[in-house]
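S.K.: My structure is in structure_20.pdb, and what it holds is PDB, C-alpha atoms, pLDDT in the B column:
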```pdb
ATOM      1  CA  THR A   1       0.000   0.000   0.000  1.00 74.00           C
ATOM      2  CA  ALA A   2       1.029   3.585  -0.551  1.00 77.00           C
ATOM      3  CA  ASP A   3       2.244   5.728   2.333  1.00 85.00           C
ATOM      4  CA  LEU A   4       0.074   8.840   1.979  1.00 83.00           C
ATOM      5  CA  THR A   5       2.450  10.908   4.103  1.00 81.00           C
ATOM      6  CA  GLN A   6       5.132  10.336   1.466  1.00 86.00           C
ATOM      7  CA  SER A   7       2.870  10.661  -1.597  1.00 91.00           C
ATOM      8  CA  PHE A   8       2.136  13.660  -3.804  1.00 95.00           C
ATOM      9  CA  MET A   9      -0.485  14.601  -6.381  1.00 96.00           C
ATOM     10  CA  VAL A  10       1.056  16.758  -9.095  1.00 96.00           C
ATOM     11  CA  GLY A  11      -1.111  18.649 -11.544  1.00 96.00           C
ATOM     12  CA  ASP A  12      -1.681  21.876 -13.424  1.00 96.00           C
ATOM     13  CA  ARG A  13      -5.357  22.253 -12.422  1.00 96.00           C
ATOM     14  CA  VAL A  14      -6.410  23.322  -8.942  1.00 97.00           C
ATOM     15  CA  LYS A  15     -10.096  22.643  -9.653  1.00 96.00           C
ATOM     16  CA  THR A  16      -9.560  18.957 -10.430  1.00 96.00           C
ATOM     17  CA  GLU A  17      -6.119  17.475  -9.802  1.00 97.00           C
ATOM     18  CA  VAL A  18      -5.224  19.453  -6.675  1.00 97.00           C
ATOM     19  CA  ALA A  19      -8.749  19.100  -5.272  1.00 97.00           C
ATOM     20  CA  LEU A  20      -8.736  15.322  -5.833  1.00 97.00           C
ATOM     21  CA  GLY A  21      -5.304  14.996  -4.278  1.00 96.00           C
ATOM     22  CA  LYS A  22      -6.454  16.874  -1.177  1.00 95.00           C
ATOM     23  CA  LYS A  23      -9.530  14.647  -0.878  1.00 95.00           C
ATOM     24  CA  ALA A  24      -7.303  11.580  -1.071  1.00 93.00           C
ATOM     25  CA  GLY A  25      -5.092  12.884   1.744  1.00 92.00           C
ATOM     26  CA  LEU A  26      -2.053  13.540  -0.437  1.00 94.00           C
ATOM     27  CA  LYS A  27       0.330  16.477  -0.409  1.00 95.00           C
ATOM     28  CA  THR A  28      -0.401  18.514  -3.525  1.00 96.00           C
ATOM     29  CA  ILE A  29       1.846  20.321  -5.979  1.00 97.00           C
ATOM     30  CA  TRP A  30       0.372  22.758  -8.475  1.00 98.00           C
ATOM     31  CA  VAL A  31       2.478  23.219 -11.597  1.00 97.00           C
ATOM     32  CA  ARG A  32       1.421  26.754 -12.424  1.00 97.00           C
ATOM     33  CA  GLN A  33       2.124  26.943 -16.121  1.00 94.00           C
ATOM     34  CA  GLY A  34       0.338  26.612 -19.419  1.00 94.00           C
ATOM     35  CA  LYS A  35      -3.376  26.802 -20.115  1.00 95.00           C
ATOM     36  CA  PHE A  36      -4.508  26.701 -16.457  1.00 95.00           C
ATOM     37  CA  ALA A  37      -1.824  28.913 -14.891  1.00 95.00           C
ATOM     38  CA  GLU A  38      -4.397  31.568 -13.952  1.00 95.00           C
ATOM     39  CA  GLU A  39      -7.015  29.107 -12.629  1.00 95.00           C
ATOM     40  CA  LEU A  40      -6.815  30.135  -8.975  1.00 95.00           C
ATOM     41  CA  PRO A  41      -8.156  28.126  -6.033  1.00 96.00           C
ATOM     42  CA  SER A  42     -11.666  29.180  -5.010  1.00 96.00           C
ATOM     43  CA  SER A  43     -11.912  27.058  -1.841  1.00 96.00           C
ATOM     44  CA  PRO A  44      -9.571  25.590   0.778  1.00 94.00           C
ATOM     45  CA  GLY A  45      -9.935  22.166  -0.879  1.00 95.00           C
ATOM     46  CA  GLU A  46      -8.325  23.550  -4.041  1.00 97.00           C
ATOM     47  CA  LYS A  47      -5.364  25.247  -2.330  1.00 97.00           C
ATOM     48  CA  PRO A  48      -2.143  23.352  -3.116  1.00 97.00           C
ATOM     49  CA  ASP A  49       0.466  22.596  -0.482  1.00 96.00           C
ATOM     50  CA  PHE A  50       3.169  23.718  -2.913  1.00 96.00           C
ATOM     51  CA  THR A  51       3.230  25.753  -6.120  1.00 97.00           C
ATOM     52  CA  VAL A  52       5.973  25.477  -8.734  1.00 97.00           C
ATOM     53  CA  GLN A  53       6.533  27.069 -12.114  1.00 95.00           C
ATOM     54  CA  THR A  54       8.396  24.172 -13.728  1.00 93.00           C
ATOM     55  CA  LEU A  55       8.410  20.402 -13.474  1.00 91.00           C
ATOM     56  CA  LYS A  56      12.096  20.506 -12.552  1.00 93.00           C
ATOM     57  CA  GLU A  57      11.245  22.263  -9.268  1.00 94.00           C
ATOM     58  CA  ILE A  58       9.223  19.231  -8.133  1.00 93.00           C
ATOM     59  CA  ILE A  59      12.346  17.131  -7.651  1.00 92.00           C
ATOM     60  CA  SER A  60      13.770  19.363  -4.943  1.00 89.00           C
ATOM     61  CA  LEU A  61      10.376  19.613  -3.213  1.00 86.00           C
ATOM     62  CA  ILE A  62       9.959  15.864  -3.010  1.00 85.00           C
ATOM     63  CA  VAL A  63      13.550  15.265  -1.872  1.00 85.00           C
ATOM     64  CA  GLU A  64      13.263  17.922   0.870  1.00 73.00           C
ATOM     65  CA  LYS A  65       9.917  16.679   2.218  1.00 62.00           C
TER      66      LYS A  65
END
```
What is this file in structure tokens?

M.R.:
Amino acid sequence: TADLTQSFMVGDRVKTEVALGKKAGLKTIWVRQGKFAEELPSSPGEKPDFTVQTLKEIISLIVEK
């Protein structure tokens, strides 16, 4: 089984991917780029734990946490 404390949901949409990750009990990373970069969270359930601009930034986040 997966260890949720060590698992992340990564996505570029706060309304779907981040929200689903939060519901599942995962840490969430919003990749704020591309088509949905300006799609801001409208509720606490859509607020990511971390926000990055590039996929490369995710590596250091995961290693540090």

S.K.: Go through A:Thr51, A:Ser42, A:Ser60, A:Thr5 one by one, measure the shortest atom-to-atom distance of each to A:Ala24 using only C-alpha atoms, and give the residue with the smallest value.

M.R.: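 Closest to A:Ala24, using only C-alpha atoms: A:Thr5.
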
S.K.: Using the chain letters and numbering of this document, enumerate as JSON, numbers by chain the residues selected by the PyMOL selection byres ((chain A and resi 6-11) around 9).

M.R.: {"A": [2, 3, 4, 5, 12, 13, 14, 16, 17, 18, 20, 21, 22, 25, 26, 27, 28, 29, 30, 31, 32, 58, 62, 65]}

S.K.: Could you please take those selected residues and save C-alpha atoms as a tab-separated table (two decimals), in the coordinates of the input?

M.R.:
```
chain	number	residue	atom	x	y	z
A	2	ALA	CA	1.03	3.58	-0.55
A	3	ASP	CA	2.24	5.73	2.33
A	4	LEU	CA	0.07	8.84	1.98
A	5	THR	CA	2.45	10.91	4.10
A	12	ASP	CA	-1.68	21.88	-13.42
A	13	ARG	CA	-5.36	22.25	-12.42
A	14	VAL	CA	-6.41	23.32	-8.94
A	16	THR	CA	-9.56	18.96	-10.43
A	17	GLU	CA	-6.12	17.48	-9.80
A	18	VAL	CA	-5.22	19.45	-6.68
A	20	LEU	CA	-8.74	15.32	-5.83
A	21	GLY	CA	-5.30	15.00	-4.28
A	22	LYS	CA	-6.45	16.87	-1.18
A	25	GLY	CA	-5.09	12.88	1.74
A	26	LEU	CA	-2.05	13.54	-0.44
A	27	LYS	CA	0.33	16.48	-0.41
A	28	THR	CA	-0.40	18.51	-3.52
A	29	ILE	CA	1.85	20.32	-5.98
A	30	TRP	CA	0.37	22.76	-8.48
A	31	VAL	CA	2.48	23.22	-11.60
A	32	ARG	CA	1.42	26.75	-12.42
A	58	ILE	CA	9.22	19.23	-8.13
A	62	ILE	CA	9.96	15.86	-3.01
A	65	LYS	CA	9.92	16.68	2.22
```

S.K.: Which centre and edge lengths in Å to one decimal define the box along x, y and z that fits every listed atom of stretch 31-44 of chain A plus 6 Å per side, as JSON?

M.R.:
```
{"center_x": -4.7, "center_y": 27.4, "center_z": -9.7, "size_x": 26.4, "size_y": 20.3, "size_z": 32.9}
```

S.K.: What does the structure give for the distance between atom CA of A:Pro48 and atom CA of A:Lys15, in Å to one decimal?

M.R.: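 Atom CA of A:Lys15 lies 10.3 Å from atom CA of A:Pro48.
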
S.K.: For atom CA of A:Ala19 and atom CA of A:Lys47, determine how far apart the two atoms are, in Å to one decimal place.

M.R.: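 Atom-to-atom, atom CA of A:Ala19 and atom CA of A:Lys47 are spaced 7.6 Å apart.
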
S.K.: I'd like the interatomic distance between atom CA of A:Lys23 and atom CA of A:Leu55, to a tenth of an Å.

M.R.: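 Spanning atom CA of A:Lys23 to atom CA of A:Leu55 is a straight-line distance of 22.7 Å.
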